[in-house]
$ cat model-v6.cif   # mmCIF, C-alpha atoms and all ligand atoms
data_target
#
loop_
_atom_site.group_PDB
_atom_site.id
_atom_site.type_symbol
_atom_site.label_atom_id
_atom_site.label_comp_id
_atom_site.auth_asym_id
_atom_site.auth_seq_id
_atom_site.Cartn_x
_atom_site.Cartn_y
_atom_site.Cartn_z
ATOM 1 C CA MET Y 1 169.100 164.714 -18.839
ATOM 2 C CA PHE Y 2 166.198 162.688 -17.392
ATOM 3 C CA ALA Y 3 165.087 159.041 -17.497
ATOM 4 C CA PRO Y 4 162.174 157.099 -16.014
ATOM 5 C CA VAL Y 5 163.459 154.567 -13.476
ATOM 6 C CA SER Y 6 161.150 152.093 -11.745
ATOM 7 C CA GLU Y 7 163.441 151.061 -8.898
ATOM 8 C CA ILE Y 8 166.918 151.460 -7.410
ATOM 9 C CA PHE Y 9 168.113 148.977 -4.813
ATOM 10 C CA CYS Y 10 171.154 146.976 -3.695
ATOM 11 C CA SER Y 11 171.168 143.187 -3.864
ATOM 12 C CA VAL Y 12 173.158 140.430 -5.533
ATOM 13 C CA GLN Y 13 173.115 139.473 -9.195
ATOM 14 C CA GLY Y 14 170.716 136.545 -9.559
ATOM 15 C CA GLU Y 15 171.482 135.415 -13.110
ATOM 16 C CA GLY Y 16 174.370 134.555 -15.373
ATOM 17 C CA ALA Y 17 178.128 134.475 -15.040
ATOM 18 C CA TYR Y 18 178.312 136.975 -12.140
ATOM 19 C CA VAL Y 19 175.661 135.364 -9.960
ATOM 20 C CA GLY Y 20 176.132 136.346 -6.306
ATOM 21 C CA ALA Y 21 178.038 139.593 -7.003
ATOM 22 C CA ARG Y 22 176.807 142.507 -4.877
ATOM 23 C CA GLN Y 23 175.349 145.189 -7.122
ATOM 24 C CA ALA Y 24 173.375 148.398 -7.174
ATOM 25 C CA PHE Y 25 170.421 147.880 -9.515
ATOM 26 C CA VAL Y 26 168.969 150.668 -11.643
ATOM 27 C CA ARG Y 27 165.837 149.383 -13.357
ATOM 28 C CA PHE Y 28 164.738 151.587 -16.252
ATOM 29 C CA VAL Y 29 161.130 151.820 -17.399
ATOM 30 C CA GLY Y 30 160.102 150.515 -20.820
ATOM 31 C CA CYS Y 31 161.044 147.779 -23.258
ATOM 32 C CA ASN Y 32 160.976 147.444 -27.043
ATOM 33 C CA LEU Y 33 160.107 143.706 -26.908
ATOM 34 C CA ASN Y 34 157.238 141.663 -25.466
ATOM 35 C CA CYS Y 35 158.642 138.259 -24.462
ATOM 36 C CA SER Y 36 156.192 135.590 -23.321
ATOM 37 C CA TYR Y 37 158.253 134.744 -20.213
ATOM 38 C CA CYS Y 38 158.828 138.363 -19.162
ATOM 39 C CA ASP Y 39 158.853 138.711 -15.376
ATOM 40 C CA THR Y 40 159.787 142.384 -15.132
ATOM 41 C CA PRO Y 41 157.838 143.885 -12.207
ATOM 42 C CA GLN Y 42 155.092 146.253 -13.389
ATOM 43 C CA GLY Y 43 155.043 148.998 -10.780
ATOM 44 C CA ASP Y 44 153.704 152.544 -10.892
ATOM 45 C CA GLU Y 45 155.847 154.073 -13.630
ATOM 46 C CA ASN Y 46 155.191 157.559 -12.306
ATOM 47 C CA TYR Y 47 157.430 156.837 -9.340
ATOM 48 C CA CYS Y 48 160.827 155.269 -8.654
ATOM 49 C CA ARG Y 49 161.116 153.005 -5.585
ATOM 50 C CA PHE Y 50 164.415 153.547 -3.756
ATOM 51 C CA GLU Y 51 165.538 151.090 -1.069
ATOM 52 C CA LYS Y 52 168.226 153.041 0.779
ATOM 53 C CA ASP Y 53 168.986 150.309 3.318
ATOM 54 C CA PRO Y 54 169.694 147.073 1.376
ATOM 55 C CA GLY Y 55 167.261 144.264 2.180
ATOM 56 C CA SER Y 56 165.129 146.429 4.506
ATOM 57 C CA ASP Y 57 162.037 146.355 2.267
ATOM 58 C CA VAL Y 58 161.565 150.023 3.115
ATOM 59 C CA PHE Y 59 161.222 152.161 0.003
ATOM 60 C CA GLU Y 60 161.113 155.873 -0.679
ATOM 61 C CA SER Y 61 158.992 156.975 -3.647
ATOM 62 C CA LEU Y 62 160.507 159.564 -5.969
ATOM 63 C CA PRO Y 63 158.555 161.112 -8.852
ATOM 64 C CA ASN Y 64 159.802 160.209 -12.334
ATOM 65 C CA PRO Y 65 161.752 161.038 -14.386
ATOM 66 C CA LEU Y 66 165.034 161.160 -12.432
ATOM 67 C CA THR Y 67 168.123 163.205 -13.240
ATOM 68 C CA VAL Y 68 171.595 161.719 -13.709
ATOM 69 C CA ASP Y 69 172.699 163.391 -10.461
ATOM 70 C CA MET Y 70 169.850 161.797 -8.510
ATOM 71 C CA VAL Y 71 170.703 158.311 -9.775
ATOM 72 C CA GLU Y 72 174.408 158.824 -9.063
ATOM 73 C CA ASP Y 73 173.652 159.940 -5.487
ATOM 74 C CA MET Y 74 171.419 156.947 -4.788
ATOM 75 C CA VAL Y 75 173.924 154.473 -6.223
ATOM 76 C CA ARG Y 76 176.735 156.121 -4.256
ATOM 77 C CA SER Y 77 174.919 155.357 -0.988
ATOM 78 C CA TYR Y 78 175.640 151.617 -1.430
ATOM 79 C CA LYS Y 79 178.944 150.281 -0.127
ATOM 80 C CA ASN Y 80 181.260 147.582 -1.455
ATOM 81 C CA ILE Y 81 179.380 146.905 -4.669
ATOM 82 C CA HIS Y 82 180.976 144.948 -7.517
ATOM 83 C CA SER Y 83 179.134 146.920 -10.184
ATOM 84 C CA VAL Y 84 176.012 148.870 -11.092
ATOM 85 C CA SER Y 85 173.472 146.771 -12.960
ATOM 86 C CA LEU Y 86 171.582 148.723 -15.621
ATOM 87 C CA THR Y 87 168.482 146.686 -16.186
ATOM 88 C CA GLY Y 88 164.869 147.022 -17.206
ATOM 89 C CA GLY Y 89 162.840 146.835 -19.280
ATOM 90 C CA GLU Y 90 165.517 147.638 -21.819
ATOM 91 C CA PRO Y 91 168.215 150.016 -20.542
ATOM 92 C CA LEU Y 92 169.560 150.722 -24.043
ATOM 93 C CA LEU Y 93 166.394 152.753 -24.664
ATOM 94 C CA HIS Y 94 168.074 155.223 -22.278
ATOM 95 C CA ALA Y 95 171.583 155.104 -23.777
ATOM 96 C CA ASP Y 96 172.009 158.898 -23.770
ATOM 97 C CA PHE Y 97 171.237 158.987 -20.045
ATOM 98 C CA ILE Y 98 173.602 156.061 -19.345
ATOM 99 C CA SER Y 99 176.409 157.711 -21.301
ATOM 100 C CA ARG Y 100 176.310 160.584 -18.788
ATOM 101 C CA LEU Y 101 176.247 158.392 -15.650
ATOM 102 C CA ARG Y 102 179.407 158.546 -13.544
ATOM 103 C CA THR Y 103 179.681 155.950 -10.785
ATOM 104 C CA SER Y 104 182.697 154.681 -8.867
ATOM 105 C CA ALA Y 105 181.694 151.071 -9.496
ATOM 106 C CA PRO Y 106 181.782 149.784 -13.096
ATOM 107 C CA LEU Y 107 178.613 149.551 -15.193
ATOM 108 C CA TYR Y 108 177.017 146.141 -15.875
ATOM 109 C CA LEU Y 109 174.544 146.233 -18.746
ATOM 110 C CA GLU Y 110 171.681 143.723 -18.896
ATOM 111 C CA SER Y 111 170.245 144.027 -22.388
ATOM 112 C CA ASN Y 112 167.992 142.274 -24.885
ATOM 113 C CA MET Y 113 170.642 143.171 -27.509
ATOM 114 C CA THR Y 114 168.298 144.511 -30.190
ATOM 115 C CA LEU Y 115 169.257 148.205 -30.349
ATOM 116 C CA PRO Y 116 172.696 148.410 -32.019
ATOM 117 C CA GLN Y 117 172.602 152.180 -32.617
ATOM 118 C CA MET Y 118 172.061 152.711 -28.890
ATOM 119 C CA ALA Y 119 174.728 150.129 -28.018
ATOM 120 C CA LYS Y 120 177.282 152.226 -29.940
ATOM 121 C CA LYS Y 121 176.572 155.182 -27.666
ATOM 122 C CA ILE Y 122 177.571 153.395 -24.472
ATOM 123 C CA LYS Y 123 180.019 150.722 -25.621
ATOM 124 C CA ASP Y 124 183.013 152.434 -23.998
ATOM 125 C CA ARG Y 125 181.161 153.086 -20.742
ATOM 126 C CA VAL Y 126 180.172 149.540 -19.745
ATOM 127 C CA SER Y 127 182.553 146.972 -18.246
ATOM 128 C CA TYR Y 128 180.182 144.002 -18.235
ATOM 129 C CA VAL Y 129 177.489 142.962 -20.693
ATOM 130 C CA ALA Y 130 174.913 140.270 -19.958
ATOM 131 C CA GLY Y 131 173.326 139.957 -23.383
ATOM 132 C CA ASP Y 132 170.118 138.043 -24.011
ATOM 133 C CA VAL Y 133 169.584 135.915 -27.068
ATOM 134 C CA LYS Y 134 165.871 135.621 -27.884
ATOM 135 C CA LEU Y 135 164.983 132.441 -29.748
ATOM 136 C CA MET Y 136 162.356 132.030 -32.465
ATOM 137 C CA GLU Y 137 159.922 130.156 -30.157
ATOM 138 C CA GLU Y 138 159.774 132.998 -27.668
ATOM 139 C CA PHE Y 139 159.918 135.844 -30.151
ATOM 140 C CA GLU Y 140 156.858 138.038 -30.585
ATOM 141 C CA GLY Y 141 157.093 140.960 -32.956
ATOM 142 C CA GLU Y 142 158.157 141.802 -36.464
ATOM 143 C CA ASP Y 143 160.586 139.926 -38.666
ATOM 144 C CA PHE Y 144 162.686 137.431 -36.686
ATOM 145 C CA GLU Y 145 165.567 137.521 -39.190
ATOM 146 C CA SER Y 146 166.077 141.251 -38.773
ATOM 147 C CA HIS Y 147 165.742 140.822 -35.010
ATOM 148 C CA LEU Y 148 168.537 138.259 -35.168
ATOM 149 C CA ASP Y 149 170.713 140.526 -37.324
ATOM 150 C CA ARG Y 150 170.339 143.304 -34.756
ATOM 151 C CA THR Y 151 171.229 140.885 -31.948
ATOM 152 C CA ILE Y 152 174.427 139.778 -33.702
ATOM 153 C CA GLU Y 153 175.340 143.404 -34.422
ATOM 154 C CA CYS Y 154 174.823 144.311 -30.745
ATOM 155 C CA PHE Y 155 177.128 141.495 -29.654
ATOM 156 C CA ARG Y 156 179.727 142.650 -32.202
ATOM 157 C CA ILE Y 157 179.591 146.216 -30.828
ATOM 158 C CA LEU Y 158 179.621 145.161 -27.156
ATOM 159 C CA LYS Y 159 181.973 142.184 -27.546
ATOM 160 C CA THR Y 160 184.464 141.007 -24.949
ATOM 161 C CA THR Y 161 187.681 143.063 -24.967
ATOM 162 C CA ASN Y 162 190.448 143.540 -22.423
ATOM 163 C CA LYS Y 163 188.248 146.260 -20.840
ATOM 164 C CA ARG Y 164 184.844 144.592 -21.066
ATOM 165 C CA ASP Y 165 183.408 141.128 -20.451
ATOM 166 C CA CYS Y 166 180.416 140.136 -22.553
ATOM 167 C CA PHE Y 167 178.546 136.871 -22.109
ATOM 168 C CA CYS Y 168 175.298 135.647 -23.628
ATOM 169 C CA LYS Y 169 172.285 134.354 -21.750
ATOM 170 C CA ILE Y 170 169.695 132.111 -23.356
ATOM 171 C CA VAL Y 171 166.409 131.265 -21.639
ATOM 172 C CA VAL Y 172 165.634 127.594 -22.315
ATOM 173 C CA THR Y 173 162.062 126.277 -22.264
ATOM 174 C CA ALA Y 174 160.412 122.992 -23.255
ATOM 175 C CA ASP Y 175 159.919 124.524 -26.733
ATOM 176 C CA THR Y 176 163.593 125.357 -27.288
ATOM 177 C CA VAL Y 177 165.204 123.736 -30.337
ATOM 178 C CA ALA Y 178 168.811 122.715 -29.663
ATOM 179 C CA ASP Y 179 169.982 123.421 -33.233
ATOM 180 C CA ASP Y 180 168.615 126.986 -32.992
ATOM 181 C CA VAL Y 181 170.677 127.615 -29.872
ATOM 182 C CA ILE Y 182 173.811 126.064 -31.358
ATOM 183 C CA GLY Y 183 173.347 128.030 -34.604
ATOM 184 C CA ILE Y 184 172.990 131.377 -32.831
ATOM 185 C CA VAL Y 185 175.888 130.750 -30.457
ATOM 186 C CA ASP Y 186 178.023 129.919 -33.507
ATOM 187 C CA THR Y 187 177.349 133.391 -34.945
ATOM 188 C CA ILE Y 188 178.475 135.232 -31.794
ATOM 189 C CA LEU Y 189 181.222 132.871 -30.687
ATOM 190 C CA ASN Y 190 183.979 135.441 -31.271
ATOM 191 C CA TYR Y 191 182.193 138.135 -29.290
ATOM 192 C CA VAL Y 192 181.369 136.408 -25.975
ATOM 193 C CA SER Y 193 183.440 134.880 -23.182
ATOM 194 C CA SER Y 194 180.815 132.321 -22.172
ATOM 195 C CA ALA Y 195 177.251 131.159 -22.726
ATOM 196 C CA VAL Y 196 174.713 130.750 -19.934
ATOM 197 C CA LEU Y 197 171.700 128.500 -20.399
ATOM 198 C CA GLN Y 198 168.934 129.714 -18.093
ATOM 199 C CA PRO Y 199 166.197 127.106 -17.583
ATOM 200 C CA VAL Y 200 162.839 128.839 -17.313
ATOM 201 C CA THR Y 201 161.398 128.180 -13.868
ATOM 202 C CA SER Y 202 158.343 130.412 -13.760
ATOM 203 C CA SER Y 203 156.036 128.479 -16.104
ATOM 204 C CA GLN Y 204 154.914 124.972 -17.050
ATOM 205 C CA LYS Y 205 157.321 125.021 -20.007
ATOM 206 C CA THR Y 206 160.412 123.851 -18.153
ATOM 207 C CA ALA Y 207 162.942 121.999 -20.335
ATOM 208 C CA SER Y 208 164.010 118.524 -19.223
ATOM 209 C CA THR Y 209 167.296 118.021 -17.398
ATOM 210 C CA LYS Y 210 168.476 115.689 -20.180
ATOM 211 C CA PHE Y 211 167.780 118.291 -22.856
ATOM 212 C CA LEU Y 212 169.743 120.923 -20.946
ATOM 213 C CA LEU Y 213 172.710 118.654 -20.251
ATOM 214 C CA ASP Y 214 172.838 117.434 -23.873
ATOM 215 C CA LEU Y 215 172.728 121.026 -25.113
ATOM 216 C CA GLN Y 216 175.457 122.064 -22.696
ATOM 217 C CA GLU Y 217 177.611 119.136 -23.824
ATOM 218 C CA SER Y 218 177.305 120.221 -27.465
ATOM 219 C CA LEU Y 219 178.071 123.861 -26.716
ATOM 220 C CA LEU Y 220 181.060 123.025 -24.531
ATOM 221 C CA ASP Y 221 182.853 121.870 -27.703
ATOM 222 C CA LYS Y 222 182.913 125.546 -28.684
ATOM 223 C CA ILE Y 223 182.631 127.737 -25.587
ATOM 224 C CA ASP Y 224 182.468 127.765 -21.768
ATOM 225 C CA THR Y 225 178.767 126.988 -21.155
ATOM 226 C CA ARG Y 226 176.975 126.976 -17.807
ATOM 227 C CA ILE Y 227 173.452 126.095 -16.745
ATOM 228 C CA ILE Y 228 172.311 128.676 -14.185
ATOM 229 C CA PRO Y 229 168.675 129.214 -13.164
ATOM 230 C CA GLN Y 230 167.403 132.498 -11.696
ATOM 231 C CA THR Y 231 168.805 132.268 -8.165
ATOM 232 C CA HIS Y 232 166.999 135.310 -6.750
ATOM 233 C CA ARG Y 233 163.714 133.460 -7.352
ATOM 234 C CA MET Y 234 164.954 130.556 -5.154
ATOM 235 C CA TRP Y 235 166.068 132.982 -2.463
ATOM 236 C CA GLY Y 236 163.005 135.204 -2.741
ATOM 237 C CA CYS Y 237 164.957 138.467 -2.766
ATOM 238 C CA LEU Y 238 164.852 141.415 -5.189
HETATM 239 S S1 LIG Y 301 163.398 141.932 -23.312
HETATM 240 FE FE1 LIG Y 301 163.362 141.501 -21.099
HETATM 241 S S2 LIG Y 301 162.154 143.182 -20.221
HETATM 242 FE FE2 LIG Y 301 161.773 143.184 -22.436
HETATM 243 S S3 LIG Y 301 159.906 141.964 -22.685
HETATM 244 FE FE3 LIG Y 301 161.656 140.590 -22.963
HETATM 245 S S4 LIG Y 301 162.044 139.698 -20.926
HETATM 246 FE FE4 LIG Y 301 160.725 141.507 -20.634
#
$ encode --input "model-v6.cif" --output "structure tokens"
Amino acid sequence: MFAPVSEIFCSVQGEGAYVGARQAFVRFVGCNLNCSYCDTPQGDENYCRFEKDPGSDVFESLPNPLTVDMVEDMVRSYKNIHSVSLTGGEPLLHADFISRLRTSAPLYLESNMTLPQMAKKIKDRVSYVAGDVKLMEEFEGEDFESHLDRTIECFRILKTTNKRDCFCKIVVTADTVADDVIGIVDTILNYVSSAVLQPVTSSQKTASTKFLLDLQESLLDKIDTRIIPQTHRMWGCL
């Protein structure tokens, strides 16, 4: 089994409920969406960058695609990690590969939550799910309603259980409509342990502090809700 991987490195989680946790990152190539705020690094997809020594900025280049054994060996070289972040792009595009991965640290899936059939394949393998909710304003693609249905179905499949924590992450911009956020969170309330509002920081479309605090106040009536920007951008690390 092979998969194209753009980079493997060790750092800390920069977003969401587990911010600061030390992780191995496996960034898969490819995504099924095209979000306007996407900041996924576009490297040479023919090669995987591997930073063996965390934070060294020294990378080996390995030709893609990689085997499961190769990824396991690279991840195993990192010590004292909380979990292995499967990120992208969209890692669920590589669900068959992920279902064969065996690592000593638990798997942490970062997903756009739009591929329910793939989610079913790995639901018993992942211990953490950081699931994105894409709002109408940022959505580019076919029918938004069916996109939303797939998102809700993904959250239902990957919901919080006694073996898995699932939280949702919503990027908030100046265009975000509070009622849209509240409406979507209502539909997945029984599936997630918390909601994270992530103010966009990489464009001119930053939402106001008042908007974010008002939205948090409304959501807190229903669910633990935190406002957490992308901390790795502040720090300037991977
Ligand atoms: S789902 Fe994530 S990786 Fe894919 S286009 Fe959107 S922001 Fe980028």
$ resolve_selection --input "model-v6.cif" --expression "the PyMOL selection byres (((not hetatm)) within 8 of (chain Y and resi 301))" --output "NGL selection string"
:Y and (30-40 or 88-90 or 111-112 or 132)
$ write_last_selection --input "model-v6.cif" --atoms "C-alpha atoms" --output "short mmCIF file (atom, residue, chain, number, x, y, z; two decimals), in the frame of the given file"
data_model
loop_
_atom_site.label_atom_id
_atom_site.label_comp_id
_atom_site.auth_asym_id
_atom_site.auth_seq_id
_atom_site.Cartn_x
_atom_site.Cartn_y
_atom_site.Cartn_z
CA GLY Y 30 160.10 150.51 -20.82
CA CYS Y 31 161.04 147.78 -23.26
CA ASN Y 32 160.98 147.44 -27.04
CA LEU Y 33 160.11 143.71 -26.91
CA ASN Y 34 157.24 141.66 -25.47
CA CYS Y 35 158.64 138.26 -24.46
CA SER Y 36 156.19 135.59 -23.32
CA TYR Y 37 158.25 134.74 -20.21
CA CYS Y 38 158.83 138.36 -19.16
CA ASP Y 39 158.85 138.71 -15.38
CA THR Y 40 159.79 142.38 -15.13
CA GLY Y 88 164.87 147.02 -17.21
CA GLY Y 89 162.84 146.84 -19.28
CA GLU Y 90 165.52 147.64 -21.82
CA SER Y 111 170.24 144.03 -22.39
CA ASN Y 112 167.99 142.27 -24.88
CA ASP Y 132 170.12 138.04 -24.01
#
$ atom_distance --input "model-v6.cif" --atom1 "atom CA of Ser56 of chain Y" --atom2 "atom CA of Val71 of chain Y"
19.4 Å
$ closest_residue --input "model-v6.cif" --among "Y:Phe97, Y:Tyr191, Y:Phe59, Y:Tyr128" --to "Ile152 of chain Y" --atoms "only C-alpha atoms"
Y:Tyr191
$ atom_distance --input "model-v6.cif" --atom1 "atom CA of Ile170 of chain Y" --atom2 "atom CA of Lys222 of chain Y"
15.7 Å
$ residues_around --input "model-v6.cif" --residues "Val84 of chain Y" --least-positions-apart "2" --cutoff "6 Å" --atoms "all atoms listed in the file" --output "PyMOL selection string"
chain Y and resi 23-25+107-108
$ closest_residue --input "model-v6.cif" --among "Y:Ser99, Y:Gln216, Y:Thr225, Y:Thr206" --to "Phe167 of chain Y" --atoms "all atoms listed in the file"
Y:Thr225
$ closest_residue --input "model-v6.cif" --among "Y:Thr87, Y:Arg156, Y:Ser61, Y:Asp73" --to "Glu110 of chain Y" --atoms "all atoms listed in the file"
Y:Thr87
$ atom_distance --input "model-v6.cif" --atom1 "atom CA of Tyr47 of chain Y" --atom2 "atom CA of Val5 of chain Y"
7.7 Å
$ resolve_selection --input "model-v6.cif" --expression "the PyMOL selection byres (((chain Y and resi 237) around 12) and not hetatm)" --output "PyMOL selection string"
chain Y and resi 9-14+20+54-57+230-236+238
$ resolve_selection --input "model-v6.cif" --expression "the PyMOL selection byres (((chain Y and resi 201) around 10) and not hetatm)" --output "PDB file with C-alpha atoms, in the frame of the given file"
ATOM      1  CA  TYR Y  37     158.253 134.744 -20.213  1.00  0.00           C
ATOM      2  CA  VAL Y 171     166.409 131.265 -21.639  1.00  0.00           C
ATOM      3  CA  VAL Y 172     165.634 127.594 -22.315  1.00  0.00           C
ATOM      4  CA  THR Y 173     162.062 126.277 -22.264  1.00  0.00           C
ATOM      5  CA  GLN Y 198     168.934 129.714 -18.093  1.00  0.00           C
ATOM      6  CA  PRO Y 199     166.197 127.106 -17.583  1.00  0.00           C
ATOM      7  CA  VAL Y 200     162.839 128.839 -17.313  1.00  0.00           C
ATOM      8  CA  SER Y 202     158.343 130.412 -13.760  1.00  0.00           C
ATOM      9  CA  SER Y 203     156.036 128.479 -16.104  1.00  0.00           C
ATOM     10  CA  GLN Y 204     154.914 124.972 -17.050  1.00  0.00           C
ATOM     11  CA  LYS Y 205     157.321 125.021 -20.007  1.00  0.00           C
ATOM     12  CA  THR Y 206     160.412 123.851 -18.153  1.00  0.00           C
ATOM     13  CA  ALA Y 207     162.942 121.999 -20.335  1.00  0.00           C
ATOM     14  CA  PRO Y 229     168.675 129.214 -13.164  1.00  0.00           C
ATOM     15  CA  GLN Y 230     167.403 132.498 -11.696  1.00  0.00           C
ATOM     16  CA  ARG Y 233     163.714 133.460  -7.352  1.00  0.00           C
ATOM     17  CA  MET Y 234     164.954 130.556  -5.154  1.00  0.00           C
TER      18      MET Y 234
END
$ closest_residue --input "model-v6.cif" --among "Y:Ser83, Y:Cys48, Y:Asp165, Y:Ser208" --to "Glu60 of chain Y" --atoms "all atoms listed in the file"
Y:Cys48
$ closest_residue --input "model-v6.cif" --among "Y:Ile122, Y:Ile98, Y:Val129, Y:Leu135" --to "Arg164 of chain Y" --atoms "all atoms listed in the file"
Y:Val129
$ residues_around --input "model-v6.cif" --residues "segment 177-185 of chain Y" --least-positions-apart "3" --cutoff "10 Å" --atoms "only C-alpha atoms" --output "ChimeraX atom specification"
/Y:133-137,148,151-152,168,170-174,188-192,194-195,197,211-212,214-216,218-219,222-223
$ write_last_selection --input "model-v6.cif" --atoms "C-alpha atoms" --output "short mmCIF file (atom, residue, chain, number, x, y, z; two decimals), in the coordinates of the input"
data_model
loop_
_atom_site.label_atom_id
_atom_site.label_comp_id
_atom_site.auth_asym_id
_atom_site.auth_seq_id
_atom_site.Cartn_x
_atom_site.Cartn_y
_atom_site.Cartn_z
CA VAL Y 133 169.58 135.92 -27.07
CA LYS Y 134 165.87 135.62 -27.88
CA LEU Y 135 164.98 132.44 -29.75
CA MET Y 136 162.36 132.03 -32.47
CA GLU Y 137 159.92 130.16 -30.16
CA LEU Y 148 168.54 138.26 -35.17
CA THR Y 151 171.23 140.88 -31.95
CA ILE Y 152 174.43 139.78 -33.70
CA CYS Y 168 175.30 135.65 -23.63
CA ILE Y 170 169.70 132.11 -23.36
CA VAL Y 171 166.41 131.26 -21.64
CA VAL Y 172 165.63 127.59 -22.32
CA THR Y 173 162.06 126.28 -22.26
CA ALA Y 174 160.41 122.99 -23.26
CA ILE Y 188 178.48 135.23 -31.79
CA LEU Y 189 181.22 132.87 -30.69
CA ASN Y 190 183.98 135.44 -31.27
CA TYR Y 191 182.19 138.14 -29.29
CA VAL Y 192 181.37 136.41 -25.98
CA SER Y 194 180.82 132.32 -22.17
CA ALA Y 195 177.25 131.16 -22.73
CA LEU Y 197 171.70 128.50 -20.40
CA PHE Y 211 167.78 118.29 -22.86
CA LEU Y 212 169.74 120.92 -20.95
CA ASP Y 214 172.84 117.43 -23.87
CA LEU Y 215 172.73 121.03 -25.11
CA GLN Y 216 175.46 122.06 -22.70
CA SER Y 218 177.30 120.22 -27.46
CA LEU Y 219 178.07 123.86 -26.72
CA LYS Y 222 182.91 125.55 -28.68
CA ILE Y 223 182.63 127.74 -25.59
#
$ closest_residue --input "model-v6.cif" --among "Y:Glu15, Y:Glu7, Y:Asp186, Y:Asp69" --to "Lys52 of chain Y" --atoms "all atoms listed in the file"
Y:Glu7
$ axis_aligned_box --input "model-v6.cif" --around "segment 97-103 of chain Y" --padding-each-side "4 Å" --output "AutoDock Vina command-line options"
--center_x 175.5 --center_y 158.3 --center_z -16.0 --size_x 16.4 --size_y 12.6 --size_z 18.5
